[in-house]
$ cat target.cif   # mmCIF, N, CA and C atoms
data_run
loop_
_atom_site.label_atom_id
_atom_site.label_comp_id
_atom_site.auth_asym_id
_atom_site.auth_seq_id
_atom_site.Cartn_x
_atom_site.Cartn_y
_atom_site.Cartn_z
N PRO B 1 -11.25 -83.84 18.01
CA PRO B 1 -12.58 -84.37 17.75
C PRO B 1 -13.19 -84.98 19.01
N ALA B 2 -14.49 -84.93 19.08
CA ALA B 2 -15.21 -85.51 20.21
C ALA B 2 -15.18 -87.03 20.12
N LEU B 3 -15.33 -87.72 21.27
CA LEU B 3 -15.37 -89.17 21.26
C LEU B 3 -16.61 -89.68 20.54
N ILE B 4 -17.73 -88.99 20.69
CA ILE B 4 -18.96 -89.30 19.94
C ILE B 4 -19.33 -88.05 19.17
N ALA B 5 -19.33 -88.15 17.86
CA ALA B 5 -19.57 -86.99 17.01
C ALA B 5 -21.06 -86.68 16.93
N GLN B 6 -21.60 -86.13 18.00
CA GLN B 6 -23.02 -85.82 18.01
C GLN B 6 -23.37 -84.90 16.86
N LEU B 7 -24.51 -85.19 16.24
CA LEU B 7 -25.06 -84.45 15.10
C LEU B 7 -24.34 -84.74 13.80
N ALA B 8 -23.48 -85.75 13.76
CA ALA B 8 -22.91 -86.18 12.49
C ALA B 8 -24.02 -86.83 11.67
N SER B 9 -23.96 -86.67 10.37
CA SER B 9 -24.91 -87.29 9.46
C SER B 9 -24.22 -88.49 8.83
N VAL B 10 -24.85 -89.67 8.89
CA VAL B 10 -24.24 -90.89 8.36
C VAL B 10 -25.16 -91.48 7.30
N ASP B 11 -24.63 -91.62 6.08
CA ASP B 11 -25.38 -92.22 4.97
C ASP B 11 -24.83 -93.61 4.69
N CYS B 12 -25.72 -94.57 4.50
CA CYS B 12 -25.36 -95.92 4.10
C CYS B 12 -25.93 -96.12 2.70
N ILE B 13 -25.04 -96.29 1.73
CA ILE B 13 -25.45 -96.33 0.32
C ILE B 13 -25.24 -97.73 -0.24
N THR B 14 -26.32 -98.29 -0.80
CA THR B 14 -26.28 -99.59 -1.47
C THR B 14 -26.99 -99.44 -2.81
N PRO B 15 -26.92 -100.45 -3.68
CA PRO B 15 -27.66 -100.35 -4.95
C PRO B 15 -29.17 -100.14 -4.75
N ALA B 16 -29.70 -100.56 -3.61
CA ALA B 16 -31.14 -100.42 -3.34
C ALA B 16 -31.52 -99.00 -2.91
N GLY B 17 -30.54 -98.18 -2.53
CA GLY B 17 -30.86 -96.82 -2.10
C GLY B 17 -29.95 -96.34 -0.98
N THR B 18 -30.33 -95.21 -0.39
CA THR B 18 -29.55 -94.57 0.66
C THR B 18 -30.38 -94.48 1.93
N GLN B 19 -29.77 -94.83 3.05
CA GLN B 19 -30.38 -94.65 4.36
C GLN B 19 -29.56 -93.61 5.09
N ARG B 20 -30.20 -92.74 5.84
CA ARG B 20 -29.49 -91.69 6.57
C ARG B 20 -29.90 -91.71 8.04
N HIS B 21 -28.90 -91.63 8.89
CA HIS B 21 -29.12 -91.48 10.33
C HIS B 21 -28.33 -90.26 10.79
N PHE B 22 -28.85 -89.59 11.80
CA PHE B 22 -28.12 -88.50 12.45
C PHE B 22 -27.69 -89.02 13.81
N LEU B 23 -26.43 -88.89 14.11
CA LEU B 23 -25.91 -89.37 15.38
C LEU B 23 -26.28 -88.39 16.48
N SER B 24 -27.33 -88.72 17.19
CA SER B 24 -27.81 -87.89 18.27
C SER B 24 -28.33 -88.82 19.37
N PRO B 25 -27.45 -89.21 20.30
CA PRO B 25 -27.85 -90.21 21.28
C PRO B 25 -29.00 -89.79 22.19
N ALA B 26 -29.20 -88.51 22.40
CA ALA B 26 -30.31 -88.06 23.25
C ALA B 26 -31.44 -87.56 22.37
N ARG B 27 -32.64 -88.12 22.55
CA ARG B 27 -33.80 -87.71 21.74
C ARG B 27 -34.71 -86.75 22.49
N SER B 28 -34.93 -87.02 23.76
CA SER B 28 -35.80 -86.16 24.55
C SER B 28 -35.52 -86.42 26.03
N TYR B 29 -36.27 -85.80 26.87
CA TYR B 29 -36.09 -85.93 28.31
C TYR B 29 -36.12 -87.41 28.72
N LEU B 30 -35.08 -87.87 29.37
CA LEU B 30 -34.95 -89.25 29.86
C LEU B 30 -35.04 -90.29 28.74
N SER B 31 -34.60 -89.96 27.55
CA SER B 31 -34.65 -90.89 26.44
C SER B 31 -33.32 -90.88 25.70
N LEU B 32 -32.77 -92.07 25.48
CA LEU B 32 -31.52 -92.21 24.74
C LEU B 32 -31.71 -93.16 23.58
N VAL B 33 -30.84 -93.04 22.58
CA VAL B 33 -30.86 -93.91 21.42
C VAL B 33 -29.62 -94.80 21.49
N GLU B 34 -29.79 -96.06 21.16
CA GLU B 34 -28.69 -97.00 21.22
C GLU B 34 -27.60 -96.64 20.20
N LEU B 35 -26.37 -96.71 20.66
CA LEU B 35 -25.22 -96.61 19.76
C LEU B 35 -24.60 -97.99 19.71
N PRO B 36 -24.08 -98.45 18.65
CA PRO B 36 -23.79 -97.79 17.38
C PRO B 36 -25.03 -97.70 16.49
N LEU B 37 -24.88 -96.96 15.39
CA LEU B 37 -25.94 -96.88 14.40
C LEU B 37 -26.03 -98.22 13.68
N THR B 38 -27.24 -98.62 13.33
CA THR B 38 -27.45 -99.90 12.66
C THR B 38 -28.25 -99.65 11.38
N PHE B 39 -27.79 -100.24 10.28
CA PHE B 39 -28.46 -100.12 8.99
C PHE B 39 -28.84 -101.51 8.50
N GLY B 40 -30.04 -101.64 7.93
CA GLY B 40 -30.47 -102.89 7.31
C GLY B 40 -30.09 -102.86 5.83
N LEU B 41 -29.29 -103.84 5.40
CA LEU B 41 -28.77 -103.82 4.03
C LEU B 41 -29.48 -104.78 3.09
N GLY B 42 -30.41 -105.57 3.58
CA GLY B 42 -31.11 -106.51 2.71
C GLY B 42 -30.14 -107.46 2.03
N ALA B 43 -30.25 -107.60 0.72
CA ALA B 43 -29.41 -108.52 -0.04
C ALA B 43 -28.09 -107.91 -0.47
N ALA B 44 -27.84 -106.65 -0.14
CA ALA B 44 -26.59 -105.99 -0.58
C ALA B 44 -25.38 -106.71 0.00
N GLU B 45 -24.34 -106.86 -0.81
CA GLU B 45 -23.11 -107.50 -0.37
C GLU B 45 -22.10 -106.51 0.18
N LYS B 46 -22.27 -105.24 -0.17
CA LYS B 46 -21.37 -104.20 0.35
C LYS B 46 -22.13 -102.89 0.43
N ALA B 47 -21.56 -101.96 1.16
CA ALA B 47 -22.18 -100.64 1.32
C ALA B 47 -21.08 -99.59 1.39
N THR B 48 -21.43 -98.40 0.96
CA THR B 48 -20.54 -97.25 1.14
C THR B 48 -21.12 -96.44 2.29
N ILE B 49 -20.28 -96.15 3.27
CA ILE B 49 -20.69 -95.36 4.43
C ILE B 49 -20.05 -93.99 4.30
N GLN B 50 -20.88 -92.95 4.30
CA GLN B 50 -20.39 -91.58 4.21
C GLN B 50 -20.80 -90.83 5.49
N VAL B 51 -19.82 -90.17 6.10
CA VAL B 51 -20.07 -89.41 7.32
C VAL B 51 -19.81 -87.94 7.04
N ARG B 52 -20.77 -87.11 7.41
CA ARG B 52 -20.58 -85.66 7.37
C ARG B 52 -20.46 -85.24 8.83
N TRP B 53 -19.25 -84.84 9.22
CA TRP B 53 -18.95 -84.50 10.60
C TRP B 53 -19.54 -83.14 10.96
N PRO B 54 -19.74 -82.88 12.24
CA PRO B 54 -20.33 -81.59 12.65
C PRO B 54 -19.55 -80.37 12.16
N ASP B 55 -18.25 -80.50 11.92
CA ASP B 55 -17.46 -79.36 11.44
C ASP B 55 -17.52 -79.20 9.92
N GLY B 56 -18.29 -80.07 9.23
CA GLY B 56 -18.46 -79.96 7.78
C GLY B 56 -17.55 -80.85 6.96
N THR B 57 -16.53 -81.46 7.57
CA THR B 57 -15.67 -82.37 6.84
C THR B 57 -16.41 -83.69 6.59
N THR B 58 -15.91 -84.48 5.65
CA THR B 58 -16.56 -85.74 5.32
C THR B 58 -15.55 -86.89 5.31
N SER B 59 -16.05 -88.09 5.54
CA SER B 59 -15.28 -89.32 5.43
C SER B 59 -16.14 -90.32 4.67
N SER B 60 -15.49 -91.22 3.94
CA SER B 60 -16.22 -92.23 3.19
C SER B 60 -15.43 -93.53 3.21
N VAL B 61 -16.11 -94.65 3.49
CA VAL B 61 -15.48 -95.97 3.45
C VAL B 61 -16.43 -96.95 2.79
N GLU B 62 -15.86 -97.96 2.15
CA GLU B 62 -16.66 -99.04 1.58
C GLU B 62 -16.42 -100.27 2.44
N SER B 63 -17.49 -101.03 2.72
CA SER B 63 -17.37 -102.16 3.62
C SER B 63 -18.25 -103.31 3.15
N PRO B 64 -17.78 -104.56 3.38
CA PRO B 64 -18.68 -105.70 3.15
C PRO B 64 -19.88 -105.59 4.07
N ALA B 65 -21.00 -106.18 3.67
CA ALA B 65 -22.25 -106.03 4.41
C ALA B 65 -22.24 -106.70 5.77
N ASP B 66 -21.38 -107.67 5.99
CA ASP B 66 -21.41 -108.42 7.24
C ASP B 66 -20.39 -107.92 8.25
N ARG B 67 -20.05 -106.64 8.20
CA ARG B 67 -19.01 -106.09 9.08
C ARG B 67 -19.55 -104.94 9.92
N SER B 68 -18.94 -104.78 11.06
CA SER B 68 -19.14 -103.59 11.87
C SER B 68 -18.00 -102.64 11.53
N VAL B 69 -18.31 -101.37 11.34
CA VAL B 69 -17.31 -100.41 10.89
C VAL B 69 -17.22 -99.27 11.89
N THR B 70 -16.01 -98.92 12.27
CA THR B 70 -15.77 -97.75 13.11
C THR B 70 -15.05 -96.73 12.26
N ILE B 71 -15.59 -95.52 12.20
CA ILE B 71 -14.99 -94.46 11.39
C ILE B 71 -14.57 -93.33 12.32
N ALA B 72 -13.30 -93.01 12.30
CA ALA B 72 -12.77 -91.93 13.14
C ALA B 72 -12.72 -90.64 12.33
N GLN B 73 -13.05 -89.56 12.99
CA GLN B 73 -12.98 -88.25 12.34
C GLN B 73 -11.52 -87.90 12.09
N PRO B 74 -11.19 -87.48 10.86
CA PRO B 74 -9.81 -87.09 10.57
C PRO B 74 -9.41 -85.87 11.40
N PRO B 75 -8.13 -85.74 11.73
CA PRO B 75 -7.70 -84.56 12.49
C PRO B 75 -7.93 -83.29 11.68
N ALA B 76 -8.20 -82.22 12.39
CA ALA B 76 -8.41 -80.92 11.74
C ALA B 76 -7.11 -80.46 11.10
N ALA B 77 -7.24 -79.83 9.95
CA ALA B 77 -6.07 -79.27 9.27
C ALA B 77 -5.58 -78.07 10.07
N PRO B 78 -4.26 -77.90 10.18
CA PRO B 78 -3.76 -76.72 10.91
C PRO B 78 -4.15 -75.43 10.20
N SER B 79 -4.42 -74.42 10.99
CA SER B 79 -4.78 -73.11 10.43
C SER B 79 -3.56 -72.45 9.84
N ALA B 80 -3.76 -71.76 8.74
CA ALA B 80 -2.68 -71.02 8.12
C ALA B 80 -2.40 -69.76 8.95
N PRO B 81 -1.15 -69.32 9.02
CA PRO B 81 -0.84 -68.10 9.77
C PRO B 81 -1.66 -66.92 9.25
N GLY B 82 -2.22 -66.17 10.19
CA GLY B 82 -2.99 -64.99 9.80
C GLY B 82 -4.41 -65.29 9.37
N SER B 83 -4.86 -66.57 9.51
CA SER B 83 -6.20 -66.91 9.04
C SER B 83 -7.23 -66.96 10.16
N GLY B 84 -6.89 -66.50 11.31
CA GLY B 84 -7.84 -66.53 12.40
C GLY B 84 -7.17 -66.09 13.69
N GLY B 85 -7.82 -66.41 14.78
CA GLY B 85 -7.25 -66.03 16.06
C GLY B 85 -7.56 -64.58 16.38
N SER B 86 -6.77 -64.00 17.25
CA SER B 86 -7.02 -62.63 17.67
C SER B 86 -6.52 -61.64 16.61
N PRO B 87 -7.18 -60.51 16.48
CA PRO B 87 -6.76 -59.52 15.48
C PRO B 87 -5.40 -58.94 15.83
N ALA B 88 -4.67 -58.57 14.80
CA ALA B 88 -3.34 -57.98 15.00
C ALA B 88 -3.47 -56.59 15.61
N SER B 89 -2.51 -56.22 16.47
CA SER B 89 -2.54 -54.90 17.12
C SER B 89 -1.85 -53.88 16.26
#

$ encode --input "target.cif" --output "structure tokens"
Amino acid sequence: PALIAQLASVDCITPAGTQRHFLSPARSYLSLVELPLTFGLGAAEKATIQVRWPDGTTSSVESPADRSVTIAQPPAAPSAPGSGGSPAS
């Protein structure tokens, strides 16, 4: 996995609704977006954070509202024999 999962989709879910950010630190020429992602939770006491990684896998964690959360992408599952790679001769 990359150190920064560019183009990951991150949802922050509370009883008030869902906020979504796409992790894309570069917006345009000579313009960057601050990392980490920040969500406003209002009066919510907890939130569920769901990440859809660029490879299509997902992660989900629940956290108290007053915490900073770091979510690491799970390691890729090993490929089954014969499920990819170079064609057999």

$ resolve_selection --input "target.cif" --expression "the PyMOL selection byres ((chain B and resi 21) around 6.5)" --output "count of residues only"
9

$ atom_distance --input "target.cif" --atom1 "atom CA of B:Glu45" --atom2 "atom CA of B:Thr58"
23.4 Å

$ closest_residue --input "target.cif" --among "B:Thr38, B:Gln50, B:Asp66, B:Leu32" --to "B:Thr18" --atoms "only C-alpha atoms"
B:Gln50

$ closest_residue --input "target.cif" --among "B:Pro36, B:Glu62, B:Ala44, B:Arg52" --to "B:Ala16" --atoms "all atoms listed in the file"
B:Ala44

$ closest_residue --input "target.cif" --among "B:Val33, B:Ala65, B:Ile71, B:Leu7" --to "B:Lys46" --atoms "only N, CA and C atoms"
B:Ala65

$ atom_distance --input "target.cif" --atom1 "atom N of B:Ala72" --atom2 "atom C of B:Phe39"
18.1 Å

$ atom_distance --input "target.cif" --atom1 "atom N of B:Ala47" --atom2 "atom CA of B:Arg67"
9.3 Å
